[in-house]
Structure formats: structure tokens, C-alpha cells
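A.B. asks: Below you'll find data.csv; it's CSV, C-alpha atoms.
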```
chain,number,residue,atom,x,y,z
A,1,MET,CA,94.1,94.2,113.9
A,2,SER,CA,97.7,93.6,114.9
A,3,ASP,CA,98.6,90.7,117.3
A,4,GLY,CA,99.5,93.3,119.9
A,5,HIS,CA,96.1,95.0,119.8
A,6,ARG,CA,94.4,91.6,119.9
A,7,SER,CA,96.4,90.7,123.0
A,8,VAL,CA,95.4,94.0,124.7
A,9,LEU,CA,91.7,93.4,123.9
A,10,ALA,CA,91.9,89.9,125.3
A,11,ARG,CA,93.7,91.0,128.6
A,12,GLY,CA,91.7,89.3,131.4
A,13,GLN,CA,89.5,87.4,128.9
A,14,PRO,CA,89.3,83.6,128.8
A,15,GLY,CA,90.5,83.4,125.1
A,16,ARG,CA,93.8,85.1,125.7
A,17,ARG,CA,95.7,81.9,126.5
A,18,ALA,CA,94.6,80.4,123.2
A,19,PHE,CA,95.6,83.5,121.4
A,20,HIS,CA,99.0,83.5,123.0
A,21,ALA,CA,99.5,79.8,122.0
A,22,TRP,CA,98.5,80.6,118.4
A,23,ALA,CA,100.8,83.5,118.2
A,24,ALA,CA,103.7,81.5,119.6
A,25,GLN,CA,103.1,78.8,117.1
A,26,LEU,CA,103.1,81.4,114.3
A,27,LEU,CA,106.4,83.0,115.4
A,28,ALA,CA,108.3,79.8,116.4
A,29,PRO,CA,109.3,78.9,112.8
A,30,PRO,CA,110.9,82.2,111.8
A,31,PHE,CA,112.7,82.3,115.1
A,32,ALA,CA,114.0,78.7,114.6
A,33,ARG,CA,115.4,80.0,111.3
A,34,LEU,CA,117.1,83.0,112.9
A,35,GLY,CA,118.3,81.3,116.1
A,36,TRP,CA,119.7,83.1,119.2
A,37,GLU,CA,123.0,84.1,117.7
A,38,ALA,CA,123.8,86.3,114.7
A,39,LYS,CA,125.0,84.6,111.6
A,40,PRO,CA,127.9,85.8,109.4
A,41,GLY,CA,126.5,87.9,106.6
A,42,GLU,CA,122.9,87.9,107.9
A,43,SER,CA,120.8,90.8,106.7
A,44,PRO,CA,120.1,93.9,108.9
A,45,LEU,CA,116.4,92.8,108.8
A,46,ASP,CA,117.2,89.5,110.4
A,47,ALA,CA,119.4,91.1,113.0
A,48,ALA,CA,116.5,93.5,113.9
A,49,LEU,CA,113.9,90.8,113.9
A,50,ARG,CA,115.7,88.4,116.3
A,51,PRO,CA,115.1,90.5,119.5
A,52,LYS,CA,111.6,91.3,118.5
A,53,LEU,CA,110.8,87.6,118.1
A,54,ILE,CA,112.5,86.8,121.5
A,55,ALA,CA,110.4,89.4,123.2
A,56,ALA,CA,107.2,88.4,121.5
A,57,LEU,CA,107.6,84.6,122.1
A,58,GLY,CA,108.5,85.3,125.7
A,59,THR,CA,105.4,87.4,126.1
A,60,TYR,CA,103.3,84.7,124.5
A,61,GLY,CA,104.6,82.1,127.0
A,62,ASP,CA,106.9,80.1,124.8
A,63,ARG,CA,108.5,77.8,127.4
A,64,ALA,CA,111.7,77.2,125.5
A,65,VAL,CA,112.3,80.9,125.0
A,66,ILE,CA,111.5,81.8,128.6
A,67,ASP,CA,113.9,79.1,129.9
A,68,GLU,CA,116.7,80.2,127.6
A,69,CYS,CA,116.2,83.9,128.7
A,70,THR,CA,116.4,82.7,132.3
A,71,ARG,CA,119.6,80.8,131.6
A,72,LEU,CA,121.1,83.8,129.8
A,73,TRP,CA,120.1,86.1,132.7
A,74,THR,CA,122.0,83.9,135.1
A,75,ALA,CA,125.0,84.0,132.8
A,76,PHE,CA,124.6,87.8,132.5
A,77,LEU,CA,124.8,88.3,136.2
A,78,ALA,CA,128.1,86.5,136.3
A,79,ASP,CA,129.4,88.2,133.1
A,80,PRO,CA,127.3,90.7,131.1
A,81,ALA,CA,129.4,90.1,128.0
A,82,THR,CA,127.8,86.6,127.7
A,83,VAL,CA,124.6,88.2,126.4
A,84,PRO,CA,125.0,90.0,123.0
A,85,GLY,CA,124.0,93.6,123.1
A,86,ASN,CA,121.4,93.3,120.3
A,87,ILE,CA,119.3,90.8,122.3
A,88,ARG,CA,120.0,92.1,125.8
A,89,ALA,CA,116.9,94.3,126.1
A,90,ALA,CA,114.6,91.4,124.9
A,91,VAL,CA,116.2,88.9,127.3
A,92,LEU,CA,115.8,91.3,130.2
A,93,ALA,CA,112.2,92.1,129.2
A,94,VAL,CA,111.2,88.4,129.2
A,95,VAL,CA,113.0,87.8,132.5
A,96,GLY,CA,111.3,90.9,134.0
A,97,ARG,CA,107.9,89.7,132.9
A,98,TYR,CA,108.1,86.5,134.9
A,99,ALA,CA,110.3,87.9,137.7
A,100,THR,CA,110.2,86.5,141.2
A,101,ARG,CA,111.0,88.7,144.2
A,102,GLU,CA,114.7,87.7,143.8
A,103,THR,CA,114.9,88.4,140.1
A,104,TYR,CA,113.1,91.7,140.5
A,105,ASP,CA,115.5,92.8,143.2
A,106,GLN,CA,118.4,91.8,140.9
A,107,LEU,CA,117.0,93.9,138.1
A,108,HIS,CA,116.5,96.8,140.5
A,109,ALA,CA,120.1,96.6,141.6
A,110,LEU,CA,121.2,96.5,138.0
A,111,ALA,CA,119.1,99.6,137.2
A,112,ARG,CA,120.5,101.5,140.1
A,113,GLY,CA,124.1,100.5,139.4
A,114,ALA,CA,124.0,101.0,135.7
A,115,LYS,CA,126.7,103.3,134.3
A,116,THR,CA,124.9,104.3,131.1
A,117,THR,CA,121.4,105.6,130.3
A,118,GLN,CA,120.9,102.6,127.9
A,119,GLU,CA,121.7,100.1,130.6
A,120,LYS,CA,119.3,101.9,133.1
A,121,ARG,CA,116.5,101.9,130.5
A,122,ARG,CA,116.8,98.2,129.8
A,123,ALA,CA,116.7,97.3,133.5
A,124,TYR,CA,113.8,99.6,134.3
A,125,ALA,CA,111.9,98.4,131.2
A,126,ALA,CA,112.2,94.9,132.6
A,127,MET,CA,110.8,96.0,135.9
A,128,GLN,CA,107.9,97.8,134.2
A,129,ALA,CA,107.0,94.5,132.4
A,130,VAL,CA,106.6,92.4,135.5
A,131,LEU,CA,103.4,90.3,135.8
A,132,ASP,CA,103.3,90.1,139.6
A,133,PRO,CA,100.9,92.8,140.8
A,134,ALA,CA,102.8,93.3,144.1
A,135,LEU,CA,106.1,93.9,142.2
A,136,ALA,CA,104.3,96.1,139.7
A,137,ALA,CA,103.0,98.2,142.6
A,138,GLU,CA,106.7,98.7,143.7
A,139,THR,CA,107.6,99.8,140.2
A,140,LEU,CA,104.8,102.4,140.2
A,141,ALA,CA,105.9,103.7,143.6
A,142,LEU,CA,109.3,104.6,142.2
A,143,THR,CA,107.6,107.4,140.2
A,144,LEU,CA,107.1,109.4,143.3
A,145,GLY,CA,110.7,109.0,144.6
A,146,LYS,CA,114.0,110.5,143.5
A,147,GLU,CA,115.5,107.4,142.0
A,148,LEU,CA,114.2,107.7,138.4
A,149,SER,CA,115.4,110.3,136.0
A,150,THR,CA,112.8,112.9,134.9
A,151,SER,CA,112.2,111.2,131.5
A,152,GLU,CA,112.0,107.7,133.1
A,153,ALA,CA,109.6,108.9,135.8
A,154,ALA,CA,107.4,110.6,133.1
A,155,ARG,CA,106.7,107.3,131.3
A,156,ASN,CA,106.9,104.9,134.2
A,157,VAL,CA,103.2,104.6,135.1
A,158,ALA,CA,102.1,104.5,131.5
A,159,LEU,CA,104.5,101.7,130.7
A,160,VAL,CA,103.4,99.6,133.7
A,161,ALA,CA,99.8,100.2,132.6
A,162,ALA,CA,100.5,99.2,129.0
A,163,ASN,CA,102.3,96.1,129.9
A,164,GLU,CA,99.8,94.2,132.0
A,165,HIS,CA,98.4,96.5,134.8
A,166,PRO,CA,96.0,99.1,133.4
A,167,ASP,CA,93.8,99.0,136.5
A,168,LEU,CA,96.6,99.0,139.0
A,169,ALA,CA,98.3,101.9,137.3
A,170,TRP,CA,95.1,103.9,137.0
A,171,GLU,CA,94.3,103.4,140.7
A,172,PHE,CA,97.8,104.6,141.5
A,173,THR,CA,97.3,107.6,139.3
A,174,GLN,CA,94.0,108.6,140.8
A,175,ALA,CA,95.5,108.3,144.3
A,176,ASN,CA,98.5,110.5,143.4
A,177,THR,CA,97.3,112.7,140.6
A,178,ASP,CA,98.6,116.0,142.0
A,179,ALA,CA,102.1,114.6,142.8
A,180,LEU,CA,102.4,112.9,139.4
A,181,LEU,CA,101.4,116.0,137.5
A,182,GLN,CA,103.9,118.1,139.4
A,183,ARG,CA,106.6,115.8,138.1
A,184,THR,CA,105.6,116.2,134.4
A,185,THR,CA,106.9,118.8,132.1
A,186,PHE,CA,104.6,121.6,130.9
A,187,PHE,CA,104.5,120.2,127.4
A,188,GLY,CA,103.9,116.6,128.6
A,189,ARG,CA,101.1,117.5,131.0
A,190,ASN,CA,98.2,117.3,128.5
A,191,VAL,CA,99.1,113.7,127.4
A,192,TYR,CA,100.2,112.3,130.7
A,193,LEU,CA,96.8,111.1,132.0
A,194,PRO,CA,95.5,109.9,128.6
A,195,ASP,CA,98.7,107.9,128.0
A,196,ILE,CA,98.1,106.0,131.2
A,197,ALA,CA,94.3,105.6,130.9
A,198,GLN,CA,94.3,104.4,127.2
A,199,ALA,CA,95.9,101.1,128.2
A,200,SER,CA,92.4,100.1,129.4
A,201,THR,CA,89.7,98.6,127.2
A,202,ASN,CA,87.0,99.4,129.7
A,203,ALA,CA,84.6,102.1,128.5
A,204,ALA,CA,84.1,103.4,132.0
A,205,ARG,CA,87.8,104.3,132.1
A,206,ALA,CA,87.1,106.9,129.3
A,207,THR,CA,84.6,108.7,131.5
A,208,GLU,CA,87.0,108.6,134.5
A,209,LEU,CA,89.8,110.1,132.3
A,210,GLU,CA,87.6,112.9,131.1
A,211,GLU,CA,86.4,113.7,134.7
A,212,LEU,CA,89.9,113.6,136.1
A,213,VAL,CA,91.3,115.9,133.5
A,214,ARG,CA,88.5,118.4,134.0
A,215,ALA,CA,89.1,118.4,137.7
A,216,LYS,CA,92.9,118.6,137.6
A,217,LEU,CA,94.0,120.4,134.4
A,218,PRO,CA,93.2,123.6,132.5
A,219,ALA,CA,90.7,123.5,129.7
A,220,ASP,CA,93.3,123.3,127.0
A,221,ALA,CA,94.2,119.8,128.2
A,222,PHE,CA,90.8,118.3,127.4
A,223,ALA,CA,91.4,117.8,123.6
A,224,GLU,CA,94.1,115.2,124.4
A,225,ALA,CA,91.8,113.6,127.0
A,226,ALA,CA,89.0,113.4,124.5
A,227,LYS,CA,91.3,111.6,122.0
A,228,GLY,CA,92.4,109.2,124.7
A,229,ALA,CA,88.8,108.6,125.7
A,230,ASP,CA,87.7,107.9,122.1
A,231,LEU,CA,90.4,105.3,121.8
A,232,ILE,CA,89.4,103.6,125.0
A,233,ARG,CA,85.7,103.5,123.9
A,234,LEU,CA,86.7,102.2,120.4
A,235,ARG,CA,88.7,99.3,122.0
A,236,ALA,CA,85.8,98.6,124.4
A,237,LEU,CA,83.5,98.4,121.4
A,238,MET,CA,85.9,96.2,119.4
A,239,LYS,CA,86.3,93.8,122.4
A,240,GLN,CA,82.5,93.4,122.7
A,241,ARG,CA,81.8,93.1,119.0
A,242,GLU,CA,84.8,91.3,117.5
A,243,LEU,CA,86.5,89.3,120.3
A,244,PRO,CA,84.0,86.4,120.3
A,245,ALA,CA,84.5,85.7,116.6
A,246,ILE,CA,88.3,86.0,116.8
A,247,ASP,CA,88.3,83.6,119.8
A,248,ALA,CA,86.2,81.1,117.9
A,249,TRP,CA,88.6,81.4,114.9
A,250,ILE,CA,91.6,80.8,117.0
A,251,LYS,CA,90.0,77.9,119.0
A,252,GLU,CA,89.6,76.0,115.7
A,253,ARG,CA,93.3,76.3,115.1
A,254,VAL,CA,94.9,75.8,118.5
A,255,LYS,CA,94.6,72.8,120.8
A,256,LEU,CA,95.7,73.8,124.3
A,257,PRO,CA,97.2,71.2,126.7
A,258,GLU,CA,94.8,69.9,129.3
```
Translate the structure described by the file into C-alpha cells.
C.D. replies:
Amino acid sequence: MSDGHRSVLARGQPGRRAFHAWAAQLLAPPFARLGWEAKPGESPLDAALRPKLIAALGTYGDRAVIDECTRLWTAFLADPATVPGNIRAAVLAVVGRYATRETYDQLHALARGAKTTQEKRRAYAAMQAVLDPALAAETLALTLGKELSTSEAARNVALVAANEHPDLAWEFTQANTDALLQRTTFFGRNVYLPDIAQASTNAARATELEELVRAKLPADAFAEAAKGADLIRLRALMKQRELPAIDAWIKERVKLPE
């Protein structure tokens, strides 16, 4: 099981903090080797790994990485050139995850004022990563407005769900299903609801997905719903069966601060 899948299974569970601490300990040495800045003659693999480690360590709560991302964000607001392009998305993702009201509004202004699709994508991705439920609800609400491009709106709810808010995103989807489906393309319609629901590890969500698809979409959409429901049920089973043993294994290897 990958670290990412383990983190998803542990969402909302008491062992998640210990898992994040263990993962941060595991990733800190390779990041210490790479550092924040590219080195002359470094390999393409190292260059590609650096932003992934920044994003992961930020997600796992590494205080030093979070603090440096915050410092870089302040510098970026004054002069975007101060943050190298290859780590910019990772820095913004970490800043977005822990965003306050002020930071969220700054990210939103950046998204609206961006001159390129790439710049917009980075800023909206940071907003989609936010932990604060009230701010996440604002990100979800953007889906129903005219601000987001068609492609950004199509994935907005699923990304908020996958980051940290599967229940909030699903409640939003249930309340606005017709309006959301009207904004999807014909070819994206069948996977739209499964993509949102499968962020959950609650078996009841699988049944809710199947029922919603039956009620709102033609019969040909059910095959994708069934696949999504199977994945949710599998994750629910893994959480019930495997998570206690994994938590015990990690507890032996990580001592959390009091």
C-alpha cells in the first residue's frame, strides 16, 4: 500500500498523526540531500523529486518545510521570480493547505489575476488543498459560478474531496447534482459522480453513489458508478481489516511529542 493510500485510509482516524510523523521522518533525509535549490549538474530525477518531497513533507506536517513555504509565499507576493518555477506549485500547495482567511484570499486573487493557464491551475490547486472546512466550502461554491474554466470546474469538487473533504464535497454534490451535471461534458458525465464519491472510505458512500447515479443519469452510466462503488467498499474493508495492524507497526517506530 502506498503512503498516499495509507493516509487516505487513516483520514479522520486516531493513527493518522503518527503515520504523518513517520512519513515525514522517512522523507526528511532525501530532502536534506536535495535541498530547496537546484544544484549545478543535478540529475533530472533529483529535479523532479524536489517538488514532490516539498509537497509531501508539507502535507505530513513537517514544520520546517511549512515555515519555509510560508516564507517563500511572502517573498512570492512581493516578487514572483523569487520562487523557482519548478517548486512553485509545491510551495503554493503547502501554503494553500494551511491557509488562513487572508492567505486564501491572496491565493484567490492570484488565481483570478493569473495571465496563464498554468498560473491559474497552481493557484486554484492551492485553494482546493485547504484544510479549513469553511474555506473549502467556498472553493466548492466556485463550481457553480462563472469564474472557473470548464476544465477547472469539472474537476474542482473531486479535487476538494480527494484532498481532505470527502464528506463536505459529497454533501455539496448531493445538494447540487443537477446543476453540476449540467456543467460536465457528455463524455465526462459518467465518471463525474464516481470521481467525487471515491475519495471516501465509508462503505455507505458506495450505496449512496449507486443510488444517485440511478436517479440522475441514464443506465449506461452505471458501469462507472459500480467501479467507483467497488473501490470505496474495498478501501472500507482495508481500513477495517488492515489499519489497526499498520497503526501498531508505526506506533513502535514513532514517538510523538506530548
A.B. asks: Under the rule that all atoms listed in the file are counted, which of A:Ile196, A:Ala109, A:Leu168, A:Ala24 is the nearest residue to Ala134 of chain A?
C.D. replies: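 The closest residue to Ala134 of chain A is A:Leu168.
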A.B. asks: Rank A:Thr207, A:Trp73, A:Lys120, A:Ser200 by their smallest atom-to-atom distance to Ser149 of chain A, using all atoms listed in the file, and report the top residue only.
C.D. replies: A:Lys120
A.B. asks: I'd like to know which of A:Val83, A:Met238, A:Leu45, A:Ala125 is closest to Ala111 of chain A, using all atoms listed in the file.
C.D. replies: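 Looking only at the distances to Ala111 of chain A, the closest residue turns out to be A:Ala125.
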A.B. asks: With distances taken over all atoms listed in the file, which of A:Glu224, A:Glu252, A:Glu208, A:Glu164 is nearest to Gly188 of chain A?
C.D. replies: A:Glu224
A.B. asks: Counting only C-alpha atoms, which residues of segment 101-184 of chain A fall within 12 Å of segment 58-67 of chain A, and what is the closest atom pair for each with its distance in Å at one decimal, ordered by chain and rising number, as JSON lines?
C.D. replies:
```
{"residue": "A:Ala129", "atom": "CA", "partner": "A:Thr59", "partner_atom": "CA", "distance": 9.6}
{"residue": "A:Val130", "atom": "CA", "partner": "A:Thr59", "partner_atom": "CA", "distance": 10.7}
{"residue": "A:Leu131", "atom": "CA", "partner": "A:Thr59", "partner_atom": "CA", "distance": 10.3}
{"residue": "A:Asn163", "atom": "CA", "partner": "A:Thr59", "partner_atom": "CA", "distance": 10.0}
{"residue": "A:Glu164", "atom": "CA", "partner": "A:Thr59", "partner_atom": "CA", "distance": 10.6}
```
A.B. asks: Between atom CA of Tyr98 of chain A and atom CA of Ala126 of chain A, measure the distance and give it in Å to one decimal.
C.D. replies: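 One can read the atom CA of Tyr98 of chain A to atom CA of Ala126 of chain A distance as 9.6 Å.
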A.B. asks: So how far away is atom CA of Leu77 of chain A from atom CA of His108 of chain A, in Å?
C.D. replies: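 Interatomic distance, atom CA of His108 of chain A to atom CA of Leu77 of chain A: 12.6 Å.
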A.B. asks: I'd like to know which of A:Ala199, A:Met127, A:Leu53, A:Ala215 is closest to Leu26 of chain A, using only C-alpha atoms.
C.D. replies: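 Counting only C-alpha atoms, the residue closest to Leu26 of chain A is A:Leu53.
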A.B. asks: Go through A:Phe76, A:Ala203, A:Pro133, A:Arg183 and flag the residue nearest Gln240 of chain A, using only C-alpha atoms for the distances.
C.D. replies: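 Using only C-alpha atoms, Gln240 of chain A sits closest to A:Ala203.
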A.B. asks: Quick one: pull the distance between atom CA of Thr143 of chain A and atom CA of Asp195 of chain A, Å, one decimal.
C.D. replies: 15.1 Å
A.B. asks: Which protein, DNA or RNA residues have an atom at most 8 Å from (116.0, 85.1, 132.8), counting all atoms listed in the file? List them as JSON, numbers by chain.
C.D. replies: {"A": [66, 67, 68, 69, 70, 71, 72, 73, 74, 91, 92, 94, 95, 96]}
A.B. asks: Leaving out Ala158 of chain A and any residue of its chain fewer than 6 positions from it, which residues lie within 10 Å of it when counting only C-alpha atoms, given as a count of residues only?
C.D. replies: 15
A.B. asks: Can you give me N, CA, C and O atoms for segment 18-32 of chain A, written as a PDB file, keeping the file's coordinate frame?
C.D. replies:
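Final output, result-v6.pdb:
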```pdb
ATOM      1  N   ALA A  18      94.611  80.995 124.559  1.00  0.00           N
ATOM      2  CA  ALA A  18      94.600  80.400 123.200  1.00  0.00           C
ATOM      3  C   ALA A  18      95.255  81.287 122.207  1.00  0.00           C
ATOM      4  O   ALA A  18      96.000  80.826 121.325  1.00  0.00           O
ATOM      5  N   PHE A  19      94.981  82.596 122.302  1.00  0.00           N
ATOM      6  CA  PHE A  19      95.600  83.500 121.400  1.00  0.00           C
ATOM      7  C   PHE A  19      97.127  83.504 121.511  1.00  0.00           C
ATOM      8  O   PHE A  19      97.862  83.484 120.513  1.00  0.00           O
ATOM      9  N   HIS A  20      97.613  83.517 122.747  1.00  0.00           N
ATOM     10  CA  HIS A  20      99.000  83.500 123.000  1.00  0.00           C
ATOM     11  C   HIS A  20      99.663  82.197 122.396  1.00  0.00           C
ATOM     12  O   HIS A  20     100.749  82.233 121.800  1.00  0.00           O
ATOM     13  N   ALA A  21      98.969  81.078 122.587  1.00  0.00           N
ATOM     14  CA  ALA A  21      99.500  79.800 122.000  1.00  0.00           C
ATOM     15  C   ALA A  21      99.516  79.860 120.514  1.00  0.00           C
ATOM     16  O   ALA A  21     100.484  79.392 119.893  1.00  0.00           O
ATOM     17  N   TRP A  22      98.485  80.423 119.900  1.00  0.00           N
ATOM     18  CA  TRP A  22      98.500  80.600 118.400  1.00  0.00           C
ATOM     19  C   TRP A  22      99.577  81.463 117.945  1.00  0.00           C
ATOM     20  O   TRP A  22     100.278  81.141 116.984  1.00  0.00           O
ATOM     21  N   ALA A  23      99.767  82.594 118.620  1.00  0.00           N
ATOM     22  CA  ALA A  23     100.800  83.500 118.200  1.00  0.00           C
ATOM     23  C   ALA A  23     102.191  82.911 118.359  1.00  0.00           C
ATOM     24  O   ALA A  23     103.066  83.095 117.507  1.00  0.00           O
ATOM     25  N   ALA A  24     102.405  82.153 119.437  1.00  0.00           N
ATOM     26  CA  ALA A  24     103.700  81.500 119.600  1.00  0.00           C
ATOM     27  C   ALA A  24     103.952  80.463 118.534  1.00  0.00           C
ATOM     28  O   ALA A  24     105.082  80.350 118.026  1.00  0.00           O
ATOM     29  N   GLN A  25     102.928  79.719 118.155  1.00  0.00           N
ATOM     30  CA  GLN A  25     103.100  78.800 117.100  1.00  0.00           C
ATOM     31  C   GLN A  25     103.422  79.462 115.752  1.00  0.00           C
ATOM     32  O   GLN A  25     104.216  78.956 114.954  1.00  0.00           O
ATOM     33  N   LEU A  26     102.849  80.612 115.541  1.00  0.00           N
ATOM     34  CA  LEU A  26     103.100  81.400 114.300  1.00  0.00           C
ATOM     35  C   LEU A  26     104.519  81.896 114.251  1.00  0.00           C
ATOM     36  O   LEU A  26     105.149  81.919 113.190  1.00  0.00           O
ATOM     37  N   LEU A  27     105.047  82.320 115.381  1.00  0.00           N
ATOM     38  CA  LEU A  27     106.400  83.000 115.400  1.00  0.00           C
ATOM     39  C   LEU A  27     107.516  82.005 115.613  1.00  0.00           C
ATOM     40  O   LEU A  27     108.668  82.362 115.353  1.00  0.00           O
ATOM     41  N   ALA A  28     107.221  80.797 116.082  1.00  0.00           N
ATOM     42  CA  ALA A  28     108.300  79.800 116.400  1.00  0.00           C
ATOM     43  C   ALA A  28     109.121  79.485 115.117  1.00  0.00           C
ATOM     44  O   ALA A  28     110.363  79.446 115.197  1.00  0.00           O
ATOM     45  N   PRO A  29     108.518  79.222 113.947  1.00  0.00           N
ATOM     46  CA  PRO A  29     109.300  78.900 112.800  1.00  0.00           C
ATOM     47  C   PRO A  29     110.313  79.946 112.324  1.00  0.00           C
ATOM     48  O   PRO A  29     111.491  79.635 112.086  1.00  0.00           O
ATOM     49  N   PRO A  30     109.889  81.219 112.209  1.00  0.00           N
ATOM     50  CA  PRO A  30     110.900  82.200 111.800  1.00  0.00           C
ATOM     51  C   PRO A  30     111.999  82.379 112.855  1.00  0.00           C
ATOM     52  O   PRO A  30     113.159  82.634 112.503  1.00  0.00           O
ATOM     53  N   PHE A  31     111.674  82.196 114.143  1.00  0.00           N
ATOM     54  CA  PHE A  31     112.700  82.300 115.100  1.00  0.00           C
ATOM     55  C   PHE A  31     113.670  81.100 115.072  1.00  0.00           C
ATOM     56  O   PHE A  31     114.879  81.239 115.254  1.00  0.00           O
ATOM     57  N   ALA A  32     113.116  79.928 114.770  1.00  0.00           N
ATOM     58  CA  ALA A  32     114.000  78.700 114.600  1.00  0.00           C
ATOM     59  C   ALA A  32     114.958  78.968 113.457  1.00  0.00           C
ATOM     60  O   ALA A  32     116.108  78.516 113.519  1.00  0.00           O
TER      61      ALA A  32
END
```
